[in-house]
file work24.txt (compact mmCIF, C-alpha atoms)
# COMPACT_ATOMS: atom_id res chain seq x y z
CA MET T 1 0.00 0.00 0.00
CA SER T 2 1.04 3.60 -0.38
CA GLU T 3 2.68 5.30 2.59
CA LYS T 4 -0.31 7.50 3.27
CA ARG T 5 -0.89 8.97 6.68
CA PHE T 6 -3.36 7.62 9.19
CA GLY T 7 -5.93 10.41 9.29
CA LYS T 8 -8.62 11.45 11.77
CA SER T 9 -11.33 9.32 10.19
CA GLU T 10 -9.08 6.25 10.36
CA TRP T 11 -8.21 6.95 14.00
CA LEU T 12 -11.90 7.36 14.85
CA ALA T 13 -12.77 4.07 13.16
CA LEU T 14 -9.82 2.33 14.82
CA VAL T 15 -10.82 3.45 18.32
CA LEU T 16 -14.58 2.97 17.84
CA PHE T 17 -14.55 -0.49 16.29
CA GLY T 18 -11.47 -1.56 18.22
CA LEU T 19 -12.75 -0.53 21.66
CA VAL T 20 -16.35 -1.70 21.21
CA GLY T 21 -15.10 -5.00 19.79
CA GLN T 22 -12.70 -5.52 22.68
CA ILE T 23 -15.41 -4.69 25.23
CA ALA T 24 -17.59 -7.35 23.61
CA TRP T 25 -14.76 -9.89 23.75
CA SER T 26 -13.95 -8.98 27.35
CA VAL T 27 -17.57 -9.48 28.37
CA GLU T 28 -17.50 -12.88 26.68
CA ASN T 29 -14.24 -13.85 28.37
CA MET T 30 -15.23 -12.62 31.83
CA TYR T 31 -18.98 -12.30 32.28
CA PHE T 32 -20.19 -15.12 30.08
CA ASN T 33 -18.19 -17.31 32.49
CA LEU T 34 -19.65 -15.64 35.58
CA PHE T 35 -23.12 -15.78 34.01
CA VAL T 36 -22.82 -19.57 33.70
CA PHE T 37 -21.46 -19.88 37.26
CA GLU T 38 -24.10 -17.77 38.91
CA THR T 39 -27.24 -18.54 36.90
CA VAL T 40 -26.83 -22.02 35.39
CA SER T 41 -24.22 -24.33 36.98
CA PRO T 42 -20.94 -23.57 38.80
CA SER T 43 -18.09 -25.39 37.03
CA LEU T 44 -14.62 -24.35 35.85
CA SER T 45 -14.83 -27.16 33.30
CA THR T 46 -17.68 -25.31 31.59
CA VAL T 47 -15.48 -22.21 31.37
CA THR T 48 -12.77 -24.29 29.73
CA LEU T 49 -15.20 -25.83 27.22
CA MET T 50 -16.64 -22.45 26.27
CA VAL T 51 -13.19 -20.99 25.69
CA GLN T 52 -12.10 -23.95 23.57
CA LEU T 53 -15.21 -24.10 21.35
CA SER T 54 -15.14 -20.32 20.95
CA GLY T 55 -11.55 -20.57 19.71
CA ILE T 56 -12.51 -23.17 17.10
CA VAL T 57 -15.47 -21.14 15.80
CA ALA T 58 -13.46 -17.91 15.78
CA THR T 59 -10.72 -19.49 13.68
CA LEU T 60 -13.05 -21.07 11.14
CA ALA T 61 -15.06 -17.84 10.80
CA THR T 62 -11.89 -15.81 10.26
CA LEU T 63 -10.54 -18.23 7.67
CA VAL T 64 -13.73 -17.98 5.62
CA ALA T 65 -14.52 -14.28 6.10
CA GLY T 66 -10.94 -13.09 5.58
CA THR T 67 -10.62 -14.98 2.32
CA LEU T 68 -14.07 -13.85 1.15
CA SER T 69 -13.35 -10.19 1.93
CA ASP T 70 -10.23 -10.46 -0.27
CA LYS T 71 -12.18 -12.13 -3.07
CA ILE T 72 -14.90 -9.47 -3.26
CA GLY T 73 -12.61 -6.56 -2.32
CA ASN T 74 -14.76 -5.35 0.56
CA ARG T 75 -14.06 -5.10 4.30
CA ARG T 76 -16.57 -2.43 5.39
CA GLY T 77 -19.65 -4.53 4.66
CA PHE T 78 -18.42 -7.45 6.72
CA ILE T 79 -17.36 -5.13 9.55
CA SER T 80 -20.51 -3.01 9.65
CA TRP T 81 -23.19 -5.66 9.21
CA GLY T 82 -21.16 -8.09 11.29
CA TYR T 83 -21.24 -5.69 14.24
CA VAL T 84 -24.98 -5.16 13.82
CA ILE T 85 -25.74 -8.90 14.02
CA TRP T 86 -23.07 -9.45 16.68
CA GLY T 87 -24.91 -6.98 18.90
CA VAL T 88 -28.19 -8.83 18.44
CA THR T 89 -26.63 -12.15 19.51
CA VAL T 90 -25.08 -10.55 22.62
CA ALA T 91 -28.40 -8.89 23.53
CA LEU T 92 -30.25 -12.21 23.43
CA PHE T 93 -27.62 -14.15 25.39
CA GLY T 94 -28.62 -12.95 28.85
CA PHE T 95 -32.18 -14.20 28.54
CA LEU T 96 -31.08 -17.85 28.59
CA SER T 97 -31.79 -19.53 31.91
CA PRO T 98 -32.85 -22.90 33.38
CA GLU T 99 -36.20 -21.31 34.31
CA LEU T 100 -36.84 -20.33 30.69
CA THR T 101 -35.89 -23.83 29.55
CA GLU T 102 -38.31 -25.35 32.08
CA ARG T 103 -41.15 -23.14 30.83
CA LEU T 104 -40.45 -23.75 27.14
CA LEU T 105 -39.88 -27.51 27.34
CA GLY T 106 -41.98 -28.35 30.37
CA CYS T 107 -39.14 -30.28 31.98
CA GLY T 108 -37.74 -30.41 35.49
CA ALA T 109 -34.63 -28.65 36.79
CA ASP T 110 -32.53 -31.82 36.48
CA ARG T 111 -33.00 -31.74 32.68
CA ALA T 112 -33.25 -27.96 32.32
CA ILE T 113 -29.73 -27.29 33.61
CA PRO T 114 -27.79 -29.47 31.10
CA ILE T 115 -30.05 -28.29 28.26
CA THR T 116 -29.43 -24.66 29.23
CA LEU T 117 -25.70 -25.30 29.41
CA CYS T 118 -25.81 -26.62 25.84
CA ALA T 119 -27.87 -23.60 24.75
CA VAL T 120 -25.44 -21.18 26.41
CA VAL T 121 -22.41 -22.79 24.76
CA ALA T 122 -24.20 -22.83 21.38
CA ALA T 123 -25.21 -19.16 21.76
CA ASP T 124 -21.62 -18.27 22.63
CA CYS T 125 -20.48 -19.98 19.42
CA VAL T 126 -23.04 -18.06 17.32
CA MET T 127 -21.94 -14.79 18.89
CA THR T 128 -18.30 -15.68 18.20
CA LEU T 129 -19.13 -16.48 14.57
CA PHE T 130 -20.33 -12.95 13.83
CA GLY T 131 -17.82 -11.28 16.16
CA SER T 132 -14.85 -12.98 14.54
CA THR T 133 -16.15 -12.29 11.05
CA ALA T 134 -16.48 -8.59 11.79
CA ASN T 135 -13.58 -8.00 14.15
CA ASP T 136 -10.94 -10.72 13.90
CA ALA T 137 -11.08 -11.19 10.12
CA CYS T 138 -12.19 -7.98 8.49
CA PHE T 139 -11.42 -5.23 11.01
CA ASN T 140 -7.88 -6.55 11.44
CA ALA T 141 -7.46 -6.75 7.67
CA TRP T 142 -8.82 -3.19 7.39
CA VAL T 143 -6.16 -1.96 9.86
CA THR T 144 -3.40 -3.63 7.84
CA ASP T 145 -4.82 -2.17 4.60
CA ASN T 146 -4.74 1.34 6.04
CA THR T 147 -1.38 1.40 7.84
CA ALA T 148 2.21 1.64 6.66
CA SER T 149 5.33 0.34 8.39
CA ALA T 150 6.47 3.91 9.18
CA PHE T 151 3.68 4.41 11.72
CA ARG T 152 2.41 0.88 12.30
CA GLY T 153 4.09 0.61 15.71
CA LYS T 154 2.15 3.63 16.98
CA VAL T 155 -1.13 2.28 15.60
CA GLU T 156 -0.40 -1.17 17.01
CA GLY T 157 0.42 0.39 20.37
CA VAL T 158 -3.05 1.96 20.53
CA LEU T 159 -4.62 -1.31 19.39
CA SER T 160 -2.77 -3.23 22.10
CA ILE T 161 -4.03 -0.83 24.78
CA LEU T 162 -7.68 -1.15 23.72
CA PRO T 163 -8.08 -4.72 25.10
CA LEU T 164 -6.72 -3.51 28.43
CA ALA T 165 -9.00 -0.46 28.41
CA ALA T 166 -11.92 -2.78 27.64
CA MET T 167 -10.82 -5.11 30.43
CA LEU T 168 -10.70 -2.16 32.82
CA ILE T 169 -14.21 -1.05 31.86
CA VAL T 170 -15.63 -4.57 31.99
CA ALA T 171 -13.83 -5.89 35.10
CA GLY T 172 -14.81 -2.89 37.18
CA GLY T 173 -17.92 -1.26 35.84
CA PHE T 174 -19.80 -4.28 34.55
CA GLY T 175 -19.76 -6.03 37.93
CA MET T 176 -21.57 -3.05 39.43
CA ILE T 177 -23.94 -2.87 36.45
CA VAL T 178 -24.89 -6.53 36.90
CA ASP T 179 -25.60 -5.86 40.59
CA MET T 180 -27.88 -2.97 39.63
CA ILE T 181 -29.80 -4.24 36.60
CA GLY T 182 -29.00 -7.95 36.24
CA TYR T 183 -27.39 -9.98 33.48
CA SER T 184 -30.28 -9.77 31.01
CA MET T 185 -30.36 -5.98 30.91
CA MET T 186 -26.57 -5.72 30.92
CA PHE T 187 -26.26 -7.96 27.86
CA LEU T 188 -29.17 -6.14 26.20
CA CYS T 189 -27.55 -2.71 26.66
CA LEU T 190 -24.17 -3.97 25.44
CA GLY T 191 -25.78 -5.56 22.40
CA ILE T 192 -27.45 -2.28 21.47
CA ILE T 193 -24.10 -0.45 21.69
CA ILE T 194 -22.39 -3.04 19.46
CA SER T 195 -25.18 -2.84 16.87
CA LEU T 196 -25.10 0.98 16.88
CA CYS T 197 -21.36 0.77 16.20
CA GLY T 198 -22.20 -1.32 13.15
CA VAL T 199 -24.73 1.27 11.99
CA CYS T 200 -22.01 3.94 12.24
CA GLY T 201 -19.85 1.74 10.03
CA ILE T 202 -22.60 1.46 7.41
CA LEU T 203 -22.81 5.26 7.29
CA ARG T 204 -19.15 6.29 7.66
CA LEU T 205 -16.58 3.50 7.32
CA LYS T 206 -14.50 3.42 4.12
CA ASP T 207 -12.19 0.80 2.70
CA SER T 208 -8.61 1.59 1.67
CA PRO T 209 -8.37 2.85 -1.94
CA ALA T 210 -5.61 0.29 -2.43
CA LEU T 211 -7.94 -2.63 -1.65
CA VAL T 212 -8.76 -4.64 -4.78
CA ARG T 213 -10.42 -7.96 -5.47
CA SER T 214 -7.91 -10.78 -5.24
CA GLY T 215 -7.71 -14.52 -4.88
CA ARG T 216 -10.19 -17.38 -4.97
CA PHE T 217 -12.27 -19.09 -2.32
CA SER T 218 -9.84 -22.00 -2.41
CA ASP T 219 -7.39 -19.52 -0.84
CA ILE T 220 -9.00 -20.36 2.48
CA LEU T 221 -6.09 -22.83 2.83
CA TYR T 222 -3.55 -20.39 1.40
CA GLY T 223 -1.74 -19.83 4.70
CA PHE T 224 -1.24 -23.56 5.23
CA LYS T 225 0.64 -24.17 1.95
CA PRO T 226 4.27 -25.29 2.50
CA SER T 227 5.44 -22.93 -0.26
CA VAL T 228 3.78 -19.96 1.47
CA ILE T 229 5.30 -20.94 4.82
CA ARG T 230 8.78 -21.30 3.30
CA GLY T 231 8.47 -18.01 1.44
CA ASN T 232 7.34 -16.07 4.53
CA ALA T 233 9.51 -17.48 7.32
CA PRO T 234 9.61 -14.21 9.34
CA LEU T 235 5.80 -14.04 9.32
CA TYR T 236 5.38 -17.60 10.61
CA LEU T 237 8.10 -17.22 13.22
CA SER T 238 6.34 -14.05 14.42
CA LEU T 239 3.14 -16.10 14.62
CA CYS T 240 4.98 -18.74 16.65
CA LEU T 241 5.87 -16.01 19.15
CA VAL T 242 2.19 -15.03 19.23
CA LEU T 243 1.34 -18.69 19.83
CA VAL T 244 3.65 -19.07 22.84
CA TYR T 245 2.51 -15.75 24.30
CA GLY T 246 -1.15 -16.66 23.71
CA ILE T 247 -0.88 -20.02 25.46
CA ALA T 248 0.89 -18.39 28.42
CA CYS T 249 -1.97 -15.87 28.73
CA GLN T 250 -4.74 -18.45 28.36
CA ILE T 251 -3.28 -20.58 31.16
CA PHE T 252 -4.37 -17.96 33.70
CA MET T 253 -6.53 -15.30 32.02
CA PRO T 254 -9.89 -17.17 31.88
CA TYR T 255 -9.65 -17.74 35.63
CA LEU T 256 -8.18 -14.39 36.73
CA ILE T 257 -11.29 -12.68 38.13
CA ILE T 258 -12.53 -15.91 39.69
CA TYR T 259 -9.10 -16.29 41.34
CA MET T 260 -9.17 -12.75 42.74
CA LYS T 261 -12.72 -13.20 43.97
CA THR T 262 -12.30 -16.64 45.54
CA PHE T 263 -8.67 -17.46 46.42
CA LEU T 264 -7.65 -13.89 47.31
CA SER T 265 -11.12 -12.95 48.62
CA PHE T 266 -11.08 -9.55 46.86
CA THR T 267 -14.37 -7.71 46.69
CA VAL T 268 -15.62 -6.29 43.38
CA LEU T 269 -14.38 -2.84 44.42
CA GLU T 270 -10.96 -4.17 45.51
CA TYR T 271 -10.18 -6.15 42.37
CA SER T 272 -11.53 -3.31 40.25
CA ILE T 273 -9.10 -0.87 41.90
CA VAL T 274 -6.14 -3.28 41.69
CA PHE T 275 -6.90 -4.28 38.12
CA GLY T 276 -7.72 -0.75 37.04
CA ALA T 277 -4.58 0.83 38.49
CA ALA T 278 -2.40 -1.85 36.91
CA ILE T 279 -4.01 -1.37 33.50
CA ILE T 280 -3.85 2.44 33.57
CA LEU T 281 -0.19 2.51 34.65
CA GLY T 282 0.77 -0.27 32.23
CA ALA T 283 -0.95 1.50 29.33
CA ALA T 284 0.76 4.80 30.21
CA VAL T 285 4.21 3.19 30.19
CA ASN T 286 3.48 1.51 26.87
CA LEU T 287 2.47 4.73 25.16
CA TYR T 288 6.18 5.56 25.35
CA LEU T 289 7.49 2.05 24.72
CA THR T 290 5.38 1.41 21.62
CA ARG T 291 6.43 4.74 20.09
CA LEU T 292 10.02 3.70 20.81
CA SER T 293 9.44 0.47 18.88
CA ASP T 294 9.09 2.44 15.64
CA ARG T 295 12.68 3.70 16.11
CA LYS T 296 14.33 0.69 17.81
CA ASN T 297 14.78 -2.95 16.82
CA LYS T 298 11.52 -4.74 17.58
CA HIS T 299 13.24 -8.12 17.91
CA THR T 300 15.54 -6.77 20.63
CA MET T 301 12.63 -5.14 22.46
CA LEU T 302 10.85 -8.51 22.58
CA TYR T 303 13.53 -9.75 25.01
CA LEU T 304 12.63 -6.93 27.38
CA ALA T 305 8.88 -7.44 26.93
CA SER T 306 8.94 -11.20 27.57
CA ALA T 307 11.14 -10.76 30.65
CA VAL T 308 8.85 -8.09 32.12
CA PHE T 309 5.77 -10.25 31.46
CA SER T 310 7.33 -13.28 33.17
CA ILE T 311 8.53 -11.28 36.18
CA GLY T 312 5.02 -9.89 36.64
CA LEU T 313 3.49 -13.38 36.59
CA PHE T 314 6.06 -14.66 39.09
CA GLY T 315 5.06 -11.74 41.34
CA MET T 316 1.35 -12.58 41.03
CA TYR T 317 2.15 -16.16 42.01
CA TRP T 318 4.00 -15.06 45.17
CA ALA T 319 1.27 -12.58 46.21
CA ARG T 320 -0.51 -15.02 48.51
CA GLY T 321 -0.52 -15.95 52.17
CA MET T 322 -0.18 -12.28 53.14
CA SER T 323 -2.36 -9.87 55.03
CA LYS T 324 -5.18 -8.40 52.95
CA THR T 325 -3.46 -5.02 52.53
CA ALA T 326 -0.08 -6.55 51.65
CA CYS T 327 -1.75 -8.90 49.18
CA LEU T 328 -3.63 -6.04 47.49
CA VAL T 329 -0.43 -4.00 47.12
CA THR T 330 1.79 -6.91 46.02
CA PHE T 331 -0.73 -8.33 43.56
CA GLY T 332 -1.37 -4.83 42.21
CA VAL T 333 2.34 -4.08 41.64
CA ALA T 334 2.93 -7.50 40.09
CA GLY T 335 -0.17 -7.03 37.94
CA PHE T 336 1.18 -3.70 36.70
CA VAL T 337 4.49 -5.34 35.73
CA MET T 338 2.68 -8.23 34.03
CA ILE T 339 0.35 -5.94 32.10
CA THR T 340 3.24 -3.72 30.98
CA GLY T 341 4.89 -6.76 29.42
CA TYR T 342 1.52 -8.07 28.17
CA ILE T 343 0.78 -4.89 26.22
CA LEU T 344 4.30 -4.54 24.87
CA ILE T 345 4.49 -8.15 23.63
CA SER T 346 1.08 -7.77 22.00
CA ALA T 347 2.10 -4.53 20.27
CA LEU T 348 5.48 -5.79 19.09
CA CYS T 349 4.19 -9.13 17.82
CA GLY T 350 1.16 -7.51 16.19
CA SER T 351 3.36 -4.97 14.45
CA LEU T 352 5.80 -7.63 13.25
CA VAL T 353 2.99 -9.81 11.92
CA ARG T 354 1.61 -6.86 9.95
CA ASP T 355 5.10 -5.90 8.73
CA TYR T 356 5.75 -9.41 7.40
CA THR T 357 2.26 -9.97 5.92
CA PRO T 358 2.57 -9.82 2.10
CA VAL T 359 0.68 -6.95 0.48
CA GLY T 360 -2.34 -8.28 -1.42
CA GLU T 361 -2.62 -11.40 0.75
CA VAL T 362 -3.89 -9.71 3.90
CA GLY T 363 -7.40 -11.15 4.11
CA LYS T 364 -6.52 -14.75 3.28
CA LEU T 365 -3.79 -14.74 5.96
CA GLN T 366 -6.10 -13.60 8.78
CA GLY T 367 -7.23 -17.19 9.29
CA ILE T 368 -3.72 -18.54 9.80
CA ARG T 369 -3.13 -15.67 12.23
CA MET T 370 -6.16 -16.89 14.18
CA VAL T 371 -4.81 -20.46 14.30
CA PHE T 372 -1.70 -19.17 16.06
CA SER T 373 -3.28 -16.39 18.14
CA VAL T 374 -6.66 -17.88 19.07
CA LEU T 375 -7.32 -21.52 18.14
CA ILE T 376 -4.26 -23.26 19.60
CA PRO T 377 -3.87 -20.92 22.62
CA MET T 378 -7.57 -21.22 23.52
CA LEU T 379 -7.45 -25.01 23.22
CA VAL T 380 -4.13 -25.61 24.98
CA GLY T 381 -3.90 -22.75 27.51
CA PRO T 382 -7.18 -23.36 29.41
CA MET T 383 -6.52 -27.10 29.32
CA ILE T 384 -3.19 -26.53 31.10
CA GLY T 385 -4.70 -23.99 33.50
CA ASN T 386 -7.72 -26.09 34.42
CA GLY T 387 -5.52 -29.18 34.71
CA ILE T 388 -3.48 -27.33 37.32
CA ASN T 389 -6.64 -26.16 39.09
CA LYS T 390 -7.98 -29.72 39.22
CA ALA T 391 -4.66 -31.10 40.46
CA MET T 392 -4.37 -28.52 43.25
CA ASN T 393 -8.08 -29.05 44.12
CA ILE T 394 -8.34 -25.97 46.36
CA PRO T 395 -11.80 -25.75 47.98
CA LEU T 396 -13.68 -22.48 48.27
CA PRO T 397 -12.37 -20.78 51.46
CA ASP T 398 -15.73 -19.43 52.60
CA LEU T 399 -18.67 -21.57 51.56
CA ALA T 400 -21.03 -19.42 53.66
CA SER T 401 -20.21 -16.20 51.82
CA ALA T 402 -22.97 -14.96 49.55
CA ASP T 403 -20.54 -12.70 47.70
CA VAL T 404 -18.59 -15.45 45.99
CA MET T 405 -19.35 -18.26 43.58
CA THR T 406 -19.42 -21.86 44.71
CA THR T 407 -17.81 -24.58 42.63
CA GLN T 408 -16.03 -27.89 43.15
CA TYR T 409 -12.60 -26.23 43.15
CA ILE T 410 -11.20 -22.75 42.56
CA PRO T 411 -8.25 -21.41 40.53
CA ALA T 412 -4.83 -22.05 42.08
CA PRO T 413 -1.90 -19.58 42.20
CA GLU T 414 0.23 -22.10 40.28
CA ILE T 415 -1.50 -21.04 37.05
CA PHE T 416 0.56 -17.82 37.17
CA LEU T 417 3.77 -19.78 37.72
CA ALA T 418 2.94 -22.00 34.74
CA GLY T 419 2.18 -18.96 32.58
CA ALA T 420 5.49 -17.35 33.53
CA LEU T 421 7.52 -20.45 32.76
CA PHE T 422 5.75 -21.07 29.46
CA SER T 423 6.28 -17.48 28.31
CA LEU T 424 10.05 -17.91 28.68
CA LEU T 425 9.94 -20.13 25.58
CA MET T 426 9.72 -16.87 23.62
CA LEU T 427 13.39 -16.26 24.41
CA ALA T 428 14.34 -19.24 22.24
CA LEU T 429 12.26 -18.06 19.27
CA ILE T 430 13.39 -14.43 19.09
CA PRO T 431 16.90 -15.18 17.70
CA CYS T 432 15.34 -17.44 15.03
CA LEU T 433 13.01 -14.62 13.96
CA ALA T 434 15.84 -12.08 13.82
CA LYS T 435 17.94 -14.44 11.70
CA ALA T 436 15.05 -15.20 9.29
CA ALA T 437 14.19 -11.50 8.93
CA LYS T 438 17.81 -10.62 8.17
CA LYS T 439 18.02 -13.39 5.58
CA LYS T 440 14.77 -12.32 3.90
CA GLY T 441 15.48 -8.60 3.96
call {"tool": "encode", "arguments": {"input": "work24.txt", "output": "C-alpha cells"}}
result
Amino acid sequence: MSEKRFGKSEWLALVLFGLVGQIAWSVENMYFNLFVFETVSPSLSTVTLMVQLSGIVATLATLVAGTLSDKIGNRRGFISWGYVIWGVTVALFGFLSPELTERLLGCGADRAIPITLCAVVAADCVMTLFGSTANDACFNAWVTDNTASAFRGKVEGVLSILPLAAMLIVAGGFGMIVDMIGYSMMFLCLGIIISLCGVCGILRLKDSPALVRSGRFSDILYGFKPSVIRGNAPLYLSLCLVLVYGIACQIFMPYLIIYMKTFLSFTVLEYSIVFGAAIILGAAVNLYLTRLSDRKNKHTMLYLASAVFSIGLFGMYWARGMSKTACLVTFGVAGFVMITGYILISALCGSLVRDYTPVGEVGKLQGIRMVFSVLIPMLVGPMIGNGINKAMNIPLPDLASADVMTTQYIPAPEIFLAGALFSLLMLALIPCLAKAAKKKG
C-alpha cells in the first residue's frame, strides 16, 4: 500500500470499532463465564469448554470471512453488518436460563440445567461467529490495509491498549452494572451499543483505496501451503511467538477474576481498583514504549517485553498468604508489571505480523493468524490452566459467603507460575526470527 498517513477518520474508526469490539470480547471472556457460574451451573470445566469451542469457531469464521473479503474486495460490509448482528446475539444471550428452559420444554430442573448449558455454549459460538467475522477477520485486515510500516508501531500500540481499556471497563464497571440491573439488561444494553457501532460503520466506514479484489475461495487454505510458509519465514516465526505468548496468557486469564474473587477474597471494588490501576499505569508506560518500537529494533525489544511479562506473573504467584493489605499491594504491583509486558508483547508481535504480511494477501492470511493467536492458545492454555486447578483441588475458602461463587474447586496460584515459565519459551524463538528476517530482507 502507499505510505499514506493515518488520518482522523481512520483513528476514529480504529478506536470505535477496536474498543467496542474488545469490550464485547472482554464481556464474553469474563462475564459469560460468571453468568454460567451464577445462573446455570458452577463449574470451571464449563469455562474451559466455552473458551475452547469459541476458539474453534473464531478461527473457522476468520478463515472464511478473511478470504471472502479479499475475493470481493470489501471489508466495510463485513465489519458493519457483522457488528450489527453481533450486537443482536449478545443482547439475546442474557435471557437464557434454566427457568426459561423449564417453561419452554416443560421439563424439570434436572433436565433444564444441562439443556441450558448446551444452549449457552451454542449461543456463545453463534456470537463468536459474527464477532470474529467482523472483528478478527475484516477489522484486522482493514487496519493492515490502512497502515504503513512507518507508523504501524504507533497504531499497534493503541490497538494493544484497547483490550486492556476494555478489560478495565468490563472488570470494574460491569460487575456493578450486573448488581444494579442484572445480566439480562446488561447484555441487552451492550448488544445495542455493538449494533449501533455497526450502523455507524454502514454510514461512515471506508475501505482503503488500495484494496482490490484478489484470490479465490480456495485460498481459504492459502496460509497452510508449505510454499507460502517457506516463502514467509519471518511471518510464521512471528506467529509462533504469538502462539507461545497466547498459550501463556490463556493458562491464567480465563480464571483471573474468579481467582481474585475466591482465592484472594477480593471484593468487586478491591479487584476493580487493583486491576484498574495496573491497566492504567501499564498502558501509560506503553504509550512511550510502543512509540520507541518504531525507532528501535523490535526483535531486541521482545527480550525486554517477555522478561517483564514473566517477572510480573512470578510476582502474582507469590502474592498469597499475606495480610489483605499486603496482598492487594503486592498483587497490584505485580499485575502492573505483568500488564506492561503483556501490552508490549502484543504490540510488538502484532506490528511484526503486519510488517511481514505480504501486500495483497492480507485477508486470506487472517485465518492462519487466528490459528496461532486464538485456536491453539484457547485449546491448549485453558486445558493446562484447568488441569493445574484440578490437580491442586483448592476448595472455596468461605462456603457461607454470599458474595462469591461456589464450585467444586477454585483457581490455584500455580496457574501464574505455569504462565510465567511457558512465556520464557519466547526467548528461544526471538533469535530465530531475527535471523530469518535478516536473511529475507
call {"tool": "atom_distance", "arguments": {"input": "work24.txt", "atom1": "atom CA of T:Asp145", "atom2": "atom CA of T:Ile345"}}
result
22.0 Å
call {"tool": "atom_distance", "arguments": {"input": "work24.txt", "atom1": "atom CA of T:Ser214", "atom2": "atom CA of T:Arg76"}}
result
16.1 Å
call {"tool": "closest_residue", "arguments": {"input": "work24.txt", "among": "T:Ser9, T:Tyr271, T:Ile220, T:Leu104", "to": "T:Ala61", "atoms": "only C-alpha atoms"}}
result
T:Ile220
call {"tool": "residues_around", "arguments": {"input": "work24.txt", "residues": "T:Leu237", "least_positions_apart": "4", "cutoff": "7 Å", "atoms": "only C-alpha atoms", "output": "list in words"}}
result
Ala233, Leu241 and Leu433 of chain T
call {"tool": "residues_near_point", "arguments": {"input": "work24.txt", "point": "(0.1, -0.9, 19.6)", "cutoff": "9 Å", "atoms": "only C-alpha atoms", "output": "count of residues only"}}
result
22
call {"tool": "residues_around", "arguments": {"input": "work24.txt", "residues": "stretch 134-140 of chain T", "least_positions_apart": "3", "cutoff": "6 Å", "atoms": "all atoms listed in the file", "output": "list in words"}}
result
Thr62, Gly66, Arg75, Phe78, Ile79, Gly82, Gly131, Val143 and Gln366 of chain T
call {"tool": "atom_distance", "arguments": {"input": "work24.txt", "atom1": "atom CA of T:Val51", "atom2": "atom CA of T:Tyr259"}}
result
16.8 Å
call {"tool": "residues_around", "arguments": {"input": "work24.txt", "residues": "T:Lys439", "least_positions_apart": "3", "cutoff": "12 Å", "atoms": "all atoms listed in the file", "output": "number ranges by chain"}}
result
T: 231-234, 432-436
call {"tool": "residues_around", "arguments": {"input": "work24.txt", "residues": "T:Leu417", "least_positions_apart": "3", "cutoff": "9 Å", "atoms": "only C-alpha atoms", "output": "VMD selection string"}}
result
chain T and resid 310 313 to 318 413 to 414 420 to 422
call {"tool": "write_last_selection", "arguments": {"input": "work24.txt", "atoms": "C-alpha atoms", "output": "mmCIF file, keeping the file's coordinate frame"}}
result
data_model
loop_
_atom_site.group_PDB
_atom_site.id
_atom_site.type_symbol
_atom_site.label_atom_id
_atom_site.label_comp_id
_atom_site.auth_asym_id
_atom_site.auth_seq_id
_atom_site.Cartn_x
_atom_site.Cartn_y
_atom_site.Cartn_z
ATOM 1 C CA SER T 310 7.330 -13.280 33.170
ATOM 2 C CA LEU T 313 3.490 -13.380 36.590
ATOM 3 C CA PHE T 314 6.060 -14.660 39.090
ATOM 4 C CA GLY T 315 5.060 -11.740 41.340
ATOM 5 C CA MET T 316 1.350 -12.580 41.030
ATOM 6 C CA TYR T 317 2.150 -16.160 42.010
ATOM 7 C CA TRP T 318 4.000 -15.060 45.170
ATOM 8 C CA PRO T 413 -1.900 -19.580 42.200
ATOM 9 C CA GLU T 414 0.230 -22.100 40.280
ATOM 10 C CA ALA T 420 5.490 -17.350 33.530
ATOM 11 C CA LEU T 421 7.520 -20.450 32.760
ATOM 12 C CA PHE T 422 5.750 -21.070 29.460
#
call {"tool": "residues_around", "arguments": {"input": "work24.txt", "residues": "stretch 206-211 of chain T", "least_positions_apart": "2", "cutoff": "9 Å", "atoms": "all atoms listed in the file", "output": "PDB file with C-alpha atoms, in the frame of the given file"}}
result
ATOM      1  CA  MET T   1       0.000   0.000   0.000  1.00  0.00           C
ATOM      2  CA  SER T   2       1.040   3.600  -0.380  1.00  0.00           C
ATOM      3  CA  GLU T  10      -9.080   6.250  10.360  1.00  0.00           C
ATOM      4  CA  ASP T  70     -10.230 -10.460  -0.270  1.00  0.00           C
ATOM      5  CA  GLY T  73     -12.610  -6.560  -2.320  1.00  0.00           C
ATOM      6  CA  ASN T  74     -14.760  -5.350   0.560  1.00  0.00           C
ATOM      7  CA  ARG T  75     -14.060  -5.100   4.300  1.00  0.00           C
ATOM      8  CA  ARG T  76     -16.570  -2.430   5.390  1.00  0.00           C
ATOM      9  CA  TRP T 142      -8.820  -3.190   7.390  1.00  0.00           C
ATOM     10  CA  ASP T 145      -4.820  -2.170   4.600  1.00  0.00           C
ATOM     11  CA  ASN T 146      -4.740   1.340   6.040  1.00  0.00           C
ATOM     12  CA  GLY T 201     -19.850   1.740  10.030  1.00  0.00           C
ATOM     13  CA  ILE T 202     -22.600   1.460   7.410  1.00  0.00           C
ATOM     14  CA  ARG T 204     -19.150   6.290   7.660  1.00  0.00           C
ATOM     15  CA  ARG T 213     -10.420  -7.960  -5.470  1.00  0.00           C
ATOM     16  CA  SER T 214      -7.910 -10.780  -5.240  1.00  0.00           C
ATOM     17  CA  GLY T 360      -2.340  -8.280  -1.420  1.00  0.00           C
TER      18      GLY T 360
END
call {"tool": "closest_residue", "arguments": {"input": "work24.txt", "among": "T:Glu38, T:Asp124, T:Glu270, T:Glu28", "to": "T:Phe331", "atoms": "all atoms listed in the file"}}
result
T:Glu270
call {"tool": "closest_residue", "arguments": {"input": "work24.txt", "among": "T:Met30, T:Leu429, T:Leu221, T:Ile388", "to": "T:Leu60", "atoms": "all atoms listed in the file"}}
result
T:Leu221
call {"tool": "closest_residue", "arguments": {"input": "work24.txt", "among": "T:Ile251, T:Leu49, T:Val36, T:Val374", "to": "T:Ala418", "atoms": "only C-alpha atoms"}}
result
T:Ile251
call {"tool": "closest_residue", "arguments": {"input": "work24.txt", "among": "T:Trp81, T:Phe372, T:Phe130, T:Phe93", "to": "T:Gly246", "atoms": "only C-alpha atoms"}}
result
T:Phe372
call {"tool": "closest_residue", "arguments": {"input": "work24.txt", "among": "T:Thr267, T:Ser69, T:Ser227, T:Ser97", "to": "T:Gly175", "atoms": "all atoms listed in the file"}}
result
T:Thr267
call {"tool": "decode", "arguments": {"input": "work24.txt", "residues": "stretch 24-30 of chain T", "atoms": "C-alpha atoms", "output": "short mmCIF file (atom, residue, chain, number, x, y, z; two decimals), in the first residue's frame"}}
result
data_model
loop_
_atom_site.label_atom_id
_atom_site.label_comp_id
_atom_site.auth_asym_id
_atom_site.auth_seq_id
_atom_site.Cartn_x
_atom_site.Cartn_y
_atom_site.Cartn_z
CA ALA T 24 -17.59 -7.35 23.61
CA TRP T 25 -14.76 -9.89 23.75
CA SER T 26 -13.95 -8.98 27.35
CA VAL T 27 -17.57 -9.48 28.37
CA GLU T 28 -17.50 -12.88 26.68
CA ASN T 29 -14.24 -13.85 28.37
CA MET T 30 -15.23 -12.62 31.83
#
